[in-house]
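**Q** File follows, target11.txt with compact mmCIF, C-alpha atoms:
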# COMPACT_ATOMS: atom_id res chain seq x y z
CA MET N 916 -65.89 57.00 -2.40
CA ASP N 917 -67.76 53.72 -2.02
CA ASP N 918 -71.12 55.52 -1.84
CA ALA N 919 -70.33 57.45 -5.00
CA GLN N 920 -69.38 54.28 -6.75
CA ASP N 921 -72.61 52.62 -5.60
CA ASP N 922 -74.62 55.56 -6.94
CA LYS N 923 -73.14 54.97 -10.36
CA SER N 924 -74.41 51.37 -10.26
CA TYR N 925 -78.06 52.44 -10.05
CA ILE N 926 -79.98 54.44 -12.63
CA GLY N 927 -83.53 55.46 -13.35
CA ALA N 928 -85.66 53.84 -16.02
CA ASP N 929 -85.35 57.00 -18.15
CA GLN N 930 -81.57 56.46 -18.34
CA LEU N 931 -81.81 53.02 -19.96
CA ARG N 932 -80.48 52.52 -23.45
CA VAL N 933 -79.51 49.66 -25.73
CA GLY N 934 -76.16 48.21 -24.63
CA VAL N 935 -76.58 48.80 -20.88
CA TYR N 936 -76.23 45.63 -18.76
CA VAL N 937 -79.00 45.54 -16.16
CA CYS N 938 -79.42 43.44 -13.01
CA LEU N 939 -83.08 43.31 -12.02
CA ASP N 940 -83.43 43.01 -8.24
CA LEU N 941 -86.59 40.94 -8.53
CA GLY N 942 -87.43 37.31 -8.25
CA TRP N 943 -86.88 35.77 -11.67
CA LEU N 944 -90.57 34.81 -11.81
CA ASP N 945 -91.61 38.43 -11.15
CA HIS N 946 -90.66 39.65 -14.61
CA ASP N 947 -91.01 38.45 -18.18
CA PHE N 948 -87.31 38.13 -19.03
CA PRO N 949 -85.58 34.73 -19.21
CA LEU N 950 -82.83 36.00 -16.88
CA SER N 951 -82.59 38.64 -14.17
CA SER N 952 -79.28 39.97 -15.51
CA PHE N 953 -78.75 40.73 -19.19
CA LYS N 954 -77.62 43.31 -21.74
CA ILE N 955 -80.44 45.40 -23.27
CA ARG N 956 -80.83 44.54 -26.95
CA ASN N 957 -83.76 46.69 -28.11
CA ALA N 958 -86.30 49.39 -27.26
CA ASP N 959 -89.00 46.85 -26.40
CA GLN N 960 -86.89 45.57 -23.52
CA ILE N 961 -86.48 49.13 -22.23
CA LYS N 962 -90.26 49.59 -22.24
CA ALA N 963 -90.76 46.28 -20.45
CA ILE N 964 -88.21 47.19 -17.75
CA ALA N 965 -89.83 50.58 -17.22
CA LYS N 966 -93.21 48.91 -16.65
CA LEU N 967 -91.78 46.88 -13.76
CA GLY N 968 -92.03 50.00 -11.57
CA LEU N 969 -88.51 49.84 -10.12
CA LYS N 970 -87.46 53.20 -8.66
CA LYS N 971 -83.81 52.39 -9.27
CA ILE N 972 -82.32 49.83 -11.64
CA ARG N 973 -78.97 48.24 -10.86
CA ILE N 974 -76.52 48.05 -13.74
CA ASP N 975 -73.08 46.54 -14.29
CA PRO N 976 -70.92 49.17 -16.04
CA SER N 977 -68.12 46.64 -16.65
CA ARG N 978 -70.44 44.49 -18.79
CA SER N 979 -72.17 47.38 -20.54
CA ASP N 980 -71.29 48.53 -24.05
CA VAL N 981 -72.36 52.12 -23.40
CA THR N 982 -72.91 54.52 -20.52
CA PRO N 983 -76.49 55.26 -19.41
CA LEU N 984 -78.33 58.33 -20.63
CA PRO N 985 -77.99 61.48 -18.48
CA GLN N 986 -80.40 61.66 -15.57
CA LYS N 987 -83.43 63.82 -16.22
CA VAL N 988 -84.59 66.38 -13.67
CA VAL N 989 -88.24 65.66 -12.98
CA PRO N 990 -90.31 68.28 -11.11
CA VAL N 991 -91.89 67.02 -7.90
CA ALA N 992 -95.61 66.53 -8.32
CA VAL N 993 -97.78 68.26 -5.76
CA VAL N 994 -100.41 65.52 -5.89
CA ALA N 995 -99.50 61.94 -6.56
CA PRO N 996 -101.25 60.83 -9.75
CA VAL N 997 -103.82 58.06 -9.50
CA PRO N 998 -102.42 55.02 -11.27
CA PRO N 999 -104.46 54.07 -14.32
CA PRO N 1000 -106.12 50.65 -14.47
CA PRO N 1001 -104.04 47.89 -16.06
CA SER N 1002 -103.96 48.05 -19.82
CA PRO N 1003 -104.83 44.99 -21.94
CA GLU N 1004 -101.12 44.64 -22.66
CA GLN N 1005 -100.29 44.60 -18.94
CA LEU N 1006 -103.01 42.04 -18.27
CA LEU N 1007 -101.61 39.86 -21.05
CA GLN N 1008 -98.10 40.16 -19.60
CA ALA N 1009 -99.39 39.18 -16.15
CA ALA N 1010 -101.13 36.13 -17.64
CA GLU N 1011 -97.96 35.15 -19.51
CA ARG N 1012 -95.93 35.56 -16.31
CA GLU N 1013 -98.32 33.29 -14.43
CA ALA N 1014 -98.21 30.71 -17.23
CA ARG N 1015 -94.41 30.80 -17.11
CA ARG N 1016 -94.46 30.31 -13.34
CA ALA N 1017 -96.79 27.31 -13.71
CA ARG N 1018 -94.59 25.83 -16.45
CA ILE N 1019 -91.45 26.13 -14.32
CA LEU N 1020 -93.15 24.57 -11.31
CA GLN N 1021 -94.29 21.71 -13.57
CA GLN N 1022 -90.71 21.26 -14.81
CA ARG N 1023 -89.46 21.03 -11.23
CA ALA N 1024 -92.13 18.49 -10.35
CA GLN N 1025 -91.26 16.47 -13.45
CA THR N 1026 -87.57 16.44 -12.51
CA ALA N 1027 -88.39 15.38 -8.94
CA ALA N 1028 -90.61 12.54 -10.24
CA CYS N 1029 -87.80 11.41 -12.55
CA GLU N 1030 -85.33 11.32 -9.65
CA THR N 1031 -87.78 9.17 -7.68
CA GLN N 1032 -88.02 6.72 -10.59
CA PHE N 1033 -84.24 6.68 -10.91
CA VAL N 1034 -83.77 5.84 -7.22
CA ARG N 1035 -86.22 2.96 -7.58
CA ALA N 1036 -84.46 1.66 -10.68
CA ALA N 1037 -81.04 1.83 -9.03
CA GLY N 1038 -82.47 0.05 -5.98
CA SER N 1039 -83.84 -2.67 -8.26
CA LEU N 1040 -80.40 -3.12 -9.84
CA LYS N 1041 -78.82 -3.47 -6.41
CA ASP N 1042 -81.39 -6.12 -5.55
CA ILE N 1043 -80.68 -7.93 -8.82
CA GLY N 1044 -76.96 -7.90 -8.06
CA SER N 1045 -77.53 -9.41 -4.62
CA LYS N 1046 -79.50 -12.34 -6.12
CA LEU N 1047 -77.26 -12.92 -9.14
CA PHE N 1048 -75.61 -16.11 -7.88
CA SER N 1049 -77.76 -17.24 -4.96
CA ARG N 1050 -81.15 -16.87 -6.71
CA PRO N 1051 -80.48 -16.40 -10.42
CA LEU N 1052 -84.07 -16.94 -11.58
CA GLU N 1053 -85.30 -14.30 -9.14
CA ALA N 1054 -82.59 -11.95 -10.43
CA ARG N 1055 -83.80 -12.45 -13.99
CA ALA N 1056 -87.44 -11.93 -12.93
CA SER N 1057 -86.50 -8.65 -11.20
CA ALA N 1058 -84.65 -7.53 -14.33
CA GLU N 1059 -87.66 -8.37 -16.50
CA LEU N 1060 -89.92 -6.35 -14.20
CA LEU N 1061 -87.60 -3.32 -14.28
CA VAL N 1062 -87.19 -3.46 -18.05
CA GLY N 1063 -90.95 -3.88 -18.49
CA GLN N 1064 -91.60 -0.72 -16.48
CA MET N 1065 -89.10 1.27 -18.53
CA LEU N 1066 -90.39 -0.15 -21.80
CA SER N 1067 -93.97 0.80 -20.96
CA SER N 1068 -93.01 4.44 -20.50
CA ILE N 1069 -90.68 4.54 -23.50
CA LEU N 1070 -93.31 3.16 -25.88
CA SER N 1071 -96.22 5.17 -24.44
CA HIS N 1072 -94.76 8.63 -24.88
CA LYS N 1073 -93.29 10.32 -27.89
CA ASP N 1074 -91.54 13.24 -26.16
CA ILE N 1075 -89.13 11.46 -23.84
CA ALA N 1076 -86.93 13.82 -21.83
CA ILE N 1077 -83.49 12.49 -20.88
CA HIS N 1078 -82.48 13.90 -17.49
CA LEU N 1079 -79.04 14.26 -15.94
CA MET N 1080 -79.36 12.71 -12.50
CA ASN N 1081 -77.99 14.17 -9.30
CA ASP N 1082 -74.73 12.30 -8.70
CA LYS N 1083 -75.49 12.21 -4.95
CA THR N 1084 -78.84 10.48 -5.42
CA VAL N 1085 -77.43 6.97 -5.21
CA GLY N 1086 -74.13 6.02 -3.64
CA GLU N 1087 -73.30 2.81 -5.50
CA ASP N 1088 -71.38 3.57 -8.71
CA LEU N 1089 -71.51 -0.14 -9.56
CA TYR N 1090 -75.07 0.13 -10.85
CA PHE N 1091 -74.81 3.41 -12.76
CA HIS N 1092 -73.21 2.01 -15.90
CA ALA N 1093 -75.72 -0.82 -16.34
CA LEU N 1094 -78.61 1.59 -15.81
CA ASN N 1095 -77.19 4.18 -18.22
CA VAL N 1096 -76.62 1.60 -20.95
CA SER N 1097 -80.08 0.06 -20.46
CA VAL N 1098 -81.92 3.40 -20.59
CA LEU N 1099 -80.02 4.84 -23.54
CA ALA N 1100 -79.99 1.62 -25.57
CA MET N 1101 -83.75 1.15 -25.16
CA LEU N 1102 -84.40 4.73 -26.23
CA LEU N 1103 -82.15 4.23 -29.26
CA ALA N 1104 -83.91 0.98 -30.14
CA ARG N 1105 -87.23 2.81 -30.09
CA GLU N 1106 -85.86 5.39 -32.53
CA VAL N 1107 -84.58 2.59 -34.78
CA GLY N 1108 -88.12 1.19 -34.79
CA LEU N 1109 -87.50 -2.22 -33.25
CA PRO N 1110 -90.46 -4.32 -32.03
CA ALA N 1111 -91.33 -4.11 -28.34
CA GLU N 1112 -90.13 -7.64 -27.60
CA ASP N 1113 -86.73 -6.96 -29.18
CA ILE N 1114 -86.40 -3.79 -27.07
CA ARG N 1115 -87.32 -5.83 -23.99
CA GLN N 1116 -84.63 -8.45 -24.68
CA LEU N 1117 -82.13 -5.69 -25.41
CA GLY N 1118 -82.90 -4.06 -22.04
CA ILE N 1119 -82.45 -7.34 -20.18
CA GLY N 1120 -79.20 -7.98 -22.04
CA CYS N 1121 -77.96 -4.48 -21.08
CA ILE N 1122 -78.67 -4.99 -17.38
CA PHE N 1123 -76.47 -8.11 -17.44
CA HIS N 1124 -74.03 -7.09 -20.18
CA ASP N 1125 -71.02 -6.77 -17.84
CA ILE N 1126 -71.75 -9.65 -15.43
CA GLY N 1127 -68.61 -11.40 -16.65
CA LYS N 1128 -66.59 -8.73 -14.81
CA THR N 1129 -67.54 -10.42 -11.54
CA ASP N 1130 -64.81 -12.96 -12.41
CA ILE N 1131 -62.15 -10.24 -12.79
CA PRO N 1132 -60.24 -9.00 -9.70
CA ASP N 1133 -61.21 -5.57 -8.37
CA ARG N 1134 -57.57 -4.47 -8.47
CA VAL N 1135 -57.82 -4.66 -12.26
CA LEU N 1136 -61.35 -3.28 -12.62
CA GLN N 1137 -60.67 -0.29 -10.35
CA LYS N 1138 -57.29 0.55 -11.83
CA THR N 1139 -57.03 4.21 -12.87
CA GLU N 1140 -53.76 3.90 -14.79
CA PRO N 1141 -53.66 2.46 -18.33
CA TYR N 1142 -53.92 -1.33 -18.54
CA ASN N 1143 -50.88 -3.36 -19.52
CA ARG N 1144 -51.29 -6.06 -22.19
CA ALA N 1145 -52.06 -8.85 -19.72
CA GLU N 1146 -54.68 -6.76 -17.94
CA ARG N 1147 -56.22 -5.72 -21.25
CA ASN N 1148 -56.45 -9.37 -22.33
CA LEU N 1149 -58.11 -10.22 -19.00
CA ILE N 1150 -60.66 -7.40 -19.35
CA GLU N 1151 -61.52 -8.57 -22.84
CA GLN N 1152 -62.44 -11.98 -21.44
CA HIS N 1153 -65.42 -10.59 -19.52
CA CYS N 1154 -67.73 -11.20 -22.51
CA ALA N 1155 -66.84 -14.90 -22.47
CA TYR N 1156 -66.94 -15.07 -18.66
CA GLY N 1157 -70.50 -13.75 -18.77
CA GLU N 1158 -71.85 -16.55 -20.96
CA PRO N 1159 -72.18 -19.30 -18.32
CA ILE N 1160 -73.72 -16.79 -15.90
CA GLY N 1161 -76.22 -15.76 -18.58
CA VAL N 1162 -77.09 -19.43 -19.16
CA ARG N 1163 -77.64 -19.90 -15.41
CA LEU N 1164 -79.96 -16.88 -15.47
CA GLY N 1165 -81.93 -18.38 -18.34
CA LEU N 1166 -81.45 -15.40 -20.66
CA SER N 1167 -82.87 -15.50 -24.18
CA ALA N 1168 -80.71 -15.95 -27.27
CA LYS N 1169 -81.03 -12.24 -28.13
CA ALA N 1170 -80.04 -11.13 -24.63
CA MET N 1171 -77.08 -13.51 -24.78
CA GLU N 1172 -75.95 -11.91 -28.03
CA VAL N 1173 -75.76 -8.59 -26.17
CA LEU N 1174 -73.56 -10.21 -23.50
CA ARG N 1175 -71.20 -11.74 -26.06
CA GLN N 1176 -71.03 -9.00 -28.70
CA HIS N 1177 -71.43 -5.57 -27.03
CA HIS N 1178 -67.72 -4.82 -27.61
CA GLU N 1179 -67.66 -5.96 -31.24
CA HIS N 1180 -67.17 -3.26 -33.92
CA VAL N 1181 -68.53 -3.33 -37.45
CA ASP N 1182 -65.02 -2.78 -38.85
CA GLY N 1183 -63.69 -5.89 -37.06
CA SER N 1184 -61.63 -3.95 -34.50
CA GLY N 1185 -63.69 -5.04 -31.49
CA TYR N 1186 -63.54 -8.09 -29.25
CA PRO N 1187 -63.71 -10.94 -28.36
CA ALA N 1188 -64.39 -12.53 -31.79
CA ARG N 1189 -63.37 -9.62 -34.10
CA LEU N 1190 -66.76 -9.88 -35.84
CA LYS N 1191 -67.65 -7.53 -38.70
CA GLY N 1192 -70.81 -5.84 -39.95
CA ALA N 1193 -73.86 -8.12 -40.12
CA GLN N 1194 -71.99 -10.83 -38.21
CA ILE N 1195 -72.87 -8.75 -35.16
CA SER N 1196 -76.50 -8.84 -34.06
CA LEU N 1197 -78.45 -5.59 -34.48
CA LEU N 1198 -79.12 -5.39 -30.74
CA ALA N 1199 -75.40 -5.70 -29.96
CA ARG N 1200 -74.59 -3.02 -32.55
CA LEU N 1201 -76.91 -0.61 -30.74
CA VAL N 1202 -75.47 -1.45 -27.32
CA ALA N 1203 -71.91 -1.01 -28.63
CA ILE N 1204 -72.68 2.67 -29.36
CA VAL N 1205 -74.18 3.61 -25.99
CA ASN N 1206 -71.72 1.44 -24.06
CA GLU N 1207 -68.77 3.24 -25.64
CA TYR N 1208 -70.42 6.62 -25.05
CA ASP N 1209 -70.94 5.92 -21.36
CA ASN N 1210 -67.41 4.57 -20.97
CA LEU N 1211 -65.97 7.74 -22.54
CA CYS N 1212 -67.99 9.91 -20.13
CA ASN N 1213 -67.28 7.80 -17.03
CA GLN N 1214 -63.65 6.72 -16.89
CA HIS N 1215 -62.26 5.10 -13.73
CA ASN N 1216 -60.01 8.14 -13.44
CA PRO N 1217 -62.43 11.12 -13.62
CA ALA N 1218 -59.66 13.28 -15.06
CA ASP N 1219 -59.70 11.10 -18.19
CA SER N 1220 -63.47 11.39 -18.70
CA LEU N 1221 -64.75 13.36 -21.67
CA SER N 1222 -67.63 15.78 -21.44
CA PRO N 1223 -70.85 14.43 -23.02
CA HIS N 1224 -70.42 16.84 -25.94
CA GLU N 1225 -66.81 15.71 -26.44
CA ALA N 1226 -67.82 12.03 -26.22
CA LEU N 1227 -70.46 12.38 -28.95
CA SER N 1228 -68.03 14.35 -31.08
CA GLN N 1229 -65.35 11.66 -30.70
CA LEU N 1230 -67.80 8.88 -31.58
CA PHE N 1231 -68.77 10.67 -34.79
CA THR N 1232 -65.48 12.17 -35.93
CA GLN N 1233 -62.90 9.61 -34.76
CA GLN N 1234 -64.72 6.31 -34.17
CA ARG N 1235 -67.68 6.22 -36.52
CA GLY N 1236 -66.06 3.50 -38.64
CA GLN N 1237 -66.45 1.19 -35.64
CA PHE N 1238 -70.23 1.57 -35.42
CA ASP N 1239 -73.35 1.11 -37.50
CA ILE N 1240 -73.63 4.65 -38.90
CA ALA N 1241 -77.44 4.94 -39.10
CA PRO N 1242 -78.03 4.10 -35.39
CA LEU N 1243 -75.05 6.30 -34.45
CA ASN N 1244 -76.66 9.27 -36.18
CA LEU N 1245 -79.97 8.52 -34.43
CA PHE N 1246 -78.22 8.33 -31.06
CA ILE N 1247 -76.60 11.73 -31.58
CA ARG N 1248 -79.98 13.18 -32.53
CA CYS N 1249 -81.62 11.68 -29.42
CA MET N 1250 -78.94 13.00 -27.07
CA GLY N 1251 -78.81 16.38 -28.75
CA ILE N 1252 -75.76 18.24 -29.95
CA TYR N 1253 -75.44 19.37 -26.32
CA PRO N 1254 -76.39 16.29 -24.25
CA PRO N 1255 -77.19 16.37 -20.52
CA GLY N 1256 -74.12 17.25 -18.48
CA THR N 1257 -72.66 19.61 -21.08
CA VAL N 1258 -71.49 23.01 -19.80
CA VAL N 1259 -72.62 25.72 -22.22
CA ARG N 1260 -72.51 29.42 -22.94
CA LEU N 1261 -75.81 30.84 -24.17
CA SER N 1262 -76.25 33.37 -26.93
CA ASP N 1263 -76.36 36.25 -24.41
CA GLY N 1264 -73.14 35.15 -22.69
CA THR N 1265 -74.84 33.42 -19.75
CA LEU N 1266 -73.18 30.24 -18.47
CA GLY N 1267 -75.10 27.09 -17.61
CA MET N 1268 -75.24 23.30 -17.70
CA VAL N 1269 -77.62 21.18 -19.75
CA VAL N 1270 -79.68 19.09 -17.34
CA SER N 1271 -82.23 17.59 -19.73
CA VAL N 1272 -82.86 17.20 -23.44
CA ASN N 1273 -86.14 16.45 -25.15
CA SER N 1274 -85.66 13.88 -27.87
CA ALA N 1275 -88.13 15.79 -30.06
CA GLN N 1276 -86.27 19.11 -29.57
CA PRO N 1277 -82.57 18.14 -29.19
CA LEU N 1278 -81.25 21.65 -29.94
CA ARG N 1279 -83.49 23.28 -27.31
CA PRO N 1280 -82.46 21.62 -24.01
CA TRP N 1281 -83.18 22.56 -20.42
CA VAL N 1282 -80.26 24.54 -18.99
CA LEU N 1283 -79.43 25.19 -15.34
CA ILE N 1284 -78.32 28.84 -15.24
CA TYR N 1285 -75.42 30.33 -13.31
CA ASP N 1286 -76.80 33.41 -11.56
CA PRO N 1287 -75.02 34.51 -8.36
CA ALA N 1288 -78.13 36.54 -7.43
CA VAL N 1289 -80.13 33.29 -7.11
CA PRO N 1290 -79.27 30.71 -4.39
CA LYS N 1291 -77.70 27.57 -5.80
CA ASP N 1292 -80.47 25.30 -4.51
CA GLU N 1293 -83.04 27.52 -6.25
CA ALA N 1294 -81.10 27.86 -9.49
CA THR N 1295 -83.07 28.84 -12.57
CA ILE N 1296 -83.67 26.09 -15.14
CA LEU N 1297 -84.61 27.47 -18.54
CA ASP N 1298 -86.44 25.38 -21.12
CA LEU N 1299 -85.02 26.75 -24.37
CA GLN N 1300 -87.98 25.28 -26.21
CA HIS N 1301 -90.00 28.12 -24.65
CA GLU N 1302 -87.24 30.74 -24.20
CA THR N 1303 -86.86 31.26 -27.93
CA ALA N 1304 -84.78 34.44 -27.59
CA LEU N 1305 -81.91 32.33 -26.24
CA SER N 1306 -79.90 29.52 -27.78
CA VAL N 1307 -76.74 27.55 -27.03
CA ALA N 1308 -73.74 29.37 -28.49
CA ALA N 1309 -70.93 27.02 -27.44
CA SER N 1310 -70.01 24.12 -25.20
CA LEU N 1311 -67.26 24.50 -22.61
CA LYS N 1312 -65.03 22.19 -20.62
CA PRO N 1313 -65.63 22.32 -16.86
CA ALA N 1314 -61.97 23.32 -16.47
CA GLN N 1315 -62.74 26.56 -18.33
CA LEU N 1316 -65.10 27.70 -15.57
CA SER N 1317 -64.07 29.94 -12.71
CA ARG N 1318 -64.07 28.39 -9.25
CA GLU N 1319 -67.30 30.20 -8.36
CA VAL N 1320 -69.15 29.10 -11.50
CA HIS N 1321 -67.88 25.52 -11.18
CA ALA N 1322 -69.06 25.30 -7.56
CA TYR N 1323 -72.47 26.70 -8.52
CA LEU N 1324 -73.12 24.46 -11.51
CA SER N 1325 -71.36 21.45 -9.94
CA PRO N 1326 -70.48 19.62 -13.18
CA ARG N 1327 -70.89 15.92 -12.48
CA LYS N 1328 -67.86 13.70 -12.03
CA ARG N 1329 -70.10 10.84 -13.15
CA MET N 1330 -72.76 11.24 -15.82
CA THR N 1331 -75.91 9.32 -14.97
CA TYR N 1332 -79.17 9.50 -16.93
CA TYR N 1333 -82.78 8.57 -16.62
CA PHE N 1334 -85.84 9.53 -18.61
CA ASP N 1335 -89.29 10.94 -18.08
CA ALA N 1336 -92.21 11.97 -20.26
CA PRO N 1337 -94.17 15.23 -20.00
CA GLU N 1338 -97.26 15.14 -17.81
CA ARG N 1339 -99.45 15.98 -20.78
CA ASP N 1340 -98.43 12.68 -22.36
CA HIS N 1341 -99.31 10.79 -19.16
CA ARG N 1342 -102.79 12.27 -19.29
CA GLN N 1343 -103.24 11.54 -22.97
CA SER N 1344 -102.27 7.90 -22.56
CA GLY N 1345 -104.57 7.44 -19.58
CA ARG N 1346 -101.70 6.56 -17.24
Output the file's structure as structure tokens, nothing else.
**A**
Amino acid sequence: MDDAQDDKSYIGADQLRVGVYVCLDLGWLDHDFPLSSFKIRNADQIKAIAKLGLKKIRIDPSRSDVTPLPQKVVPVAVVAPVPPPPSPEQLLQAAEREARRARILQQRAQTAACETQFVRAAGSLKDIGSKLFSRPLEARASAELLVGQMLSSILSHKDIAIHLMNDKTVGEDLYFHALNVSVLAMLLAREVGLPAEDIRQLGIGCIFHDIGKTDIPDRVLQKTEPYNRAERNLIEQHCAYGEPIGVRLGLSAKAMEVLRQHHEHVDGSGYPARLKGAQISLLARLVAIVNEYDNLCNQHNPADSLSPHEALSQLFTQQRGQFDIAPLNLFIRCMGIYPPGTVVRLSDGTLGMVVSVNSAQPLRPWVLIYDPAVPKDEATILDLQHETALSVAASLKPAQLSREVHAYLSPRKRMTYYFDAPERDHRQSGR
């Protein structure tokens, strides 16, 4: 019975028809389709599958809309025909396949380079933290160096790609929030059009924006249950606690405004001074947006964290009165409707997770694809900017995934971001 059932799962190329779900037993770089498993949509796909030369094609009847065509009886040829030379169309397909392979290898190299930069940045933050009180001027100098390196890349390249970092890359959660806020705030400031020196001071202010929390007991900071009123009042003092530390570090007036005002809201509902509108510095208004976004995505209790898509949605639909609306709209555009870390379903039903978004193409992110036929550590990453036949159909909560899909995609408990620019931009800028 099992053999008969297996026979039904394989058909010849002449049995293909629109609506049959095929599973190509080839490496995903050995064909021209975005995925190795998909439902046939048109006759052109049938022709392309037939040209792959597979003797048998595996199908999934449970995911097919129709049954295959009846098998044709083909007379056995006495002499095997001599294969014709490749047609111009086949040569073009081979060239396109090779170009796709090169593009994917470049994407992987770009992601690896970004992870290396992220590790260095996180290491720099750890070094800054160790010098904060014993050698404050050295701590500030290290922060200025780190911000200068980030600023150089941000201003040199138009197409900045925001990457979701591997949550196992660095073990110290303490530095993730400061790095996230610094990276995202500097990118937002670039989109706003601020001068380079203002972006630099904003970055330095972001690195130190929560230093006042060093005066708050860990039992309060690490608490996963809701704060009581006394604890909330204590947390809200961290902006004031940070001021004397910022003075000791020798921070500029603009960086100090970030320390004092990054929790102020334009409607007066923030803290500590309940400032409104233009009473809040522009730099602090930008930081307030990305700081709230990162806090929504990275709660002390992971169960309370929102997905990146949910966090952006909440900022816009429920909290937009608290923020400067023009920068908020720019931030959403930069992060994309489906920011890194968002679990998605593509237009063909495939599941995946957004791992990077290009600020110039926010609706066409890079998506890590769930494909049980491909080992997890070799998972396909599709750049939807090039795979134009596919698009994001919906975002999903990680809890909606099956155990197998969740384990494969490994949705991050903590969202951590860094940025990189395409290699072509490095070459153009002479870097």
**Q** For Glu1179 of chain N, which of N:Arg1055, N:Arg1200, N:Arg1105, N:His1301 is the closest residue, counting only C-alpha atoms?
**A** N:Arg1200
**Q** Report as a list in words all protein, DNA and RNA residues lying within 9 Å of segment 1029-1040 of chain N, evaluated on all atoms listed in the file, omitting residues in the same chain fewer than 2 positions from it.
**A**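 Counting all atoms listed in the file, the residues come to Ala1024, Gln1025, Thr1026, Ala1027, Asp1042, Ile1043, Gly1044, Ser1045, Ser1057, Ala1058, Leu1061, His1078, Met1080, Asn1081, Thr1084, Val1085, Glu1087, Tyr1090, Phe1091, Ala1093, Leu1094, Ile1122, Tyr1332, Tyr1333, Phe1334, Asp1335 and Ala1336 of chain N.
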**Q** Please measure the separation of atom CA of Lys1312 of chain N and atom CA of Val1258 of chain N, giving the value in Å to one decimal.
**A**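 Distance between the two atoms: 6.6 Å.
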**Q** Starting from the point (-80.4, 36.1, -22.6), work out which residues of protein, DNA or RNA have an atom no more than 9 Å away when counting only C-alpha atoms; state them as a list of chain:residue names.
**A**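 The answer, in the requested form, is N:Phe948, N:Pro949, N:Leu950, N:Ser952, N:Phe953, N:Lys954, N:Leu1261, N:Ser1262, N:Asp1263, N:Gly1264, N:Thr1265, N:Glu1302, N:Ala1304, N:Leu1305, N:Ser1306.
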**Q** Output the selection as a compact mmCIF listing (two decimals), keeping the file's coordinate frame - C-alpha atoms for each residue.
**A**
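The result, written out as part-v5.txt:
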# COMPACT_ATOMS: atom_id res chain seq x y z
CA PHE N 948 -87.31 38.13 -19.03
CA PRO N 949 -85.58 34.73 -19.21
CA LEU N 950 -82.83 36.00 -16.88
CA SER N 952 -79.28 39.97 -15.51
CA PHE N 953 -78.75 40.73 -19.19
CA LYS N 954 -77.62 43.31 -21.74
CA LEU N 1261 -75.81 30.84 -24.17
CA SER N 1262 -76.25 33.37 -26.93
CA ASP N 1263 -76.36 36.25 -24.41
CA GLY N 1264 -73.14 35.15 -22.69
CA THR N 1265 -74.84 33.42 -19.75
CA GLU N 1302 -87.24 30.74 -24.20
CA ALA N 1304 -84.78 34.44 -27.59
CA LEU N 1305 -81.91 32.33 -26.24
CA SER N 1306 -79.90 29.52 -27.78
**Q** Residues at most 12 Å from Gly968 of chain N, counting all atoms listed in the file, excluding those fewer than 5 positions away in the same chain, as JSON, numbers by chain?
**A** {"N": [927, 928, 929, 939, 940, 941, 945, 946, 962, 963, 998]}
**Q** In the coordinates of the file, take the point (-74.0, -5.7, -40.7) and a cut-off of 12 Å; then, counting all atoms listed in the file, name each qualifying protein, DNA or RNA residue as a PyMOL selection string.
**A** chain N and resi 1179-1183+1190-1201+1237-1242
**Q** Using all atoms listed in the file, which of the listed residues (N:Ile955, N:His1178, N:Asn1210, N:Leu1245) sits closest to Leu931 of chain N?
**A**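 The answer is N:Ile955, which sits nearest to Leu931 of chain N.
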**Q** Suppose you want the space between atom CA of Gln1276 of chain N and atom CA of Arg1015 of chain N; what is it in Å?
**A**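 Computing the Euclidean distance for atom CA of Gln1276 of chain N and atom CA of Arg1015 of chain N yields 18.9 Å.
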**Q** Measuring between only C-alpha atoms, which one of N:Thr982, N:Val1320, N:Val1107, N:Leu1007 shows the shortest distance to Arg1260 of chain N?
**A**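 With only C-alpha atoms as the atom set, the closest residue is N:Val1320.
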**Q** What does the distance from atom CA of Asn1213 of chain N to atom CA of Met1330 of chain N come to in Å, to one decimal?
**A**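 Taking atom CA of Asn1213 of chain N as the start and atom CA of Met1330 of chain N as the end point, the length is 6.6 Å.
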**Q** Return the single residue from N:Met1065, N:Lys966, N:Ala1203, N:Leu1211 that is closest to Glu1004 of chain N, with distances computed using all atoms listed in the file.
**A** N:Lys966
**Q** Find the residues near Tyr1285 of chain N: any atom within 9 Å, counting all atoms listed in the file, skip ones fewer than 6 places away on the same chain, and give them as a list of chain:residue names.
**A**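 Here the answer would be N:Thr1265, N:Leu1266, N:Gly1267, N:Met1268, N:Lys1291, N:Ala1294, N:Thr1295, N:Val1320, N:Tyr1323, N:Leu1324.
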**Q** So which one's closest to Ser979 of chain N, N:Pro1003, N:Gly942, N:Gly934, N:Gly1118? Using all atoms listed in the file, please.
**A**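 Of the candidates, the smallest distance to Ser979 of chain N is held by N:Gly934.
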**Q** Under the rule that only C-alpha atoms are counted, which of N:Arg1329, N:His1224, N:Lys970, N:Arg932 is the nearest residue to Val1259 of chain N?
**A**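 Between N:Arg1329, N:His1224, N:Lys970, N:Arg932, the residue approaching Val1259 of chain N most closely is N:His1224.
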**Q** How big is the axis-aligned box, and where does its centre sit, when it encloses all atoms of segment 1263-1269 of chain N listed in the file and has 4 Å added on every side, reported in Å to one decimal as AutoDock Vina command-line options?
**A**
--center_x -75.4 --center_y 28.7 --center_z -21.0 --size_x 12.5 --size_y 23.1 --size_z 14.8
**Q** Would you pick out the contacts of Glu1140 of chain N at 12 Å or less, using all atoms listed in the file, so that residues sharing its chain but fewer than 4 positions from it are not included, and give the list as a PyMOL selection string?
**A** chain N and resi 1134-1136+1146-1147+1214-1219
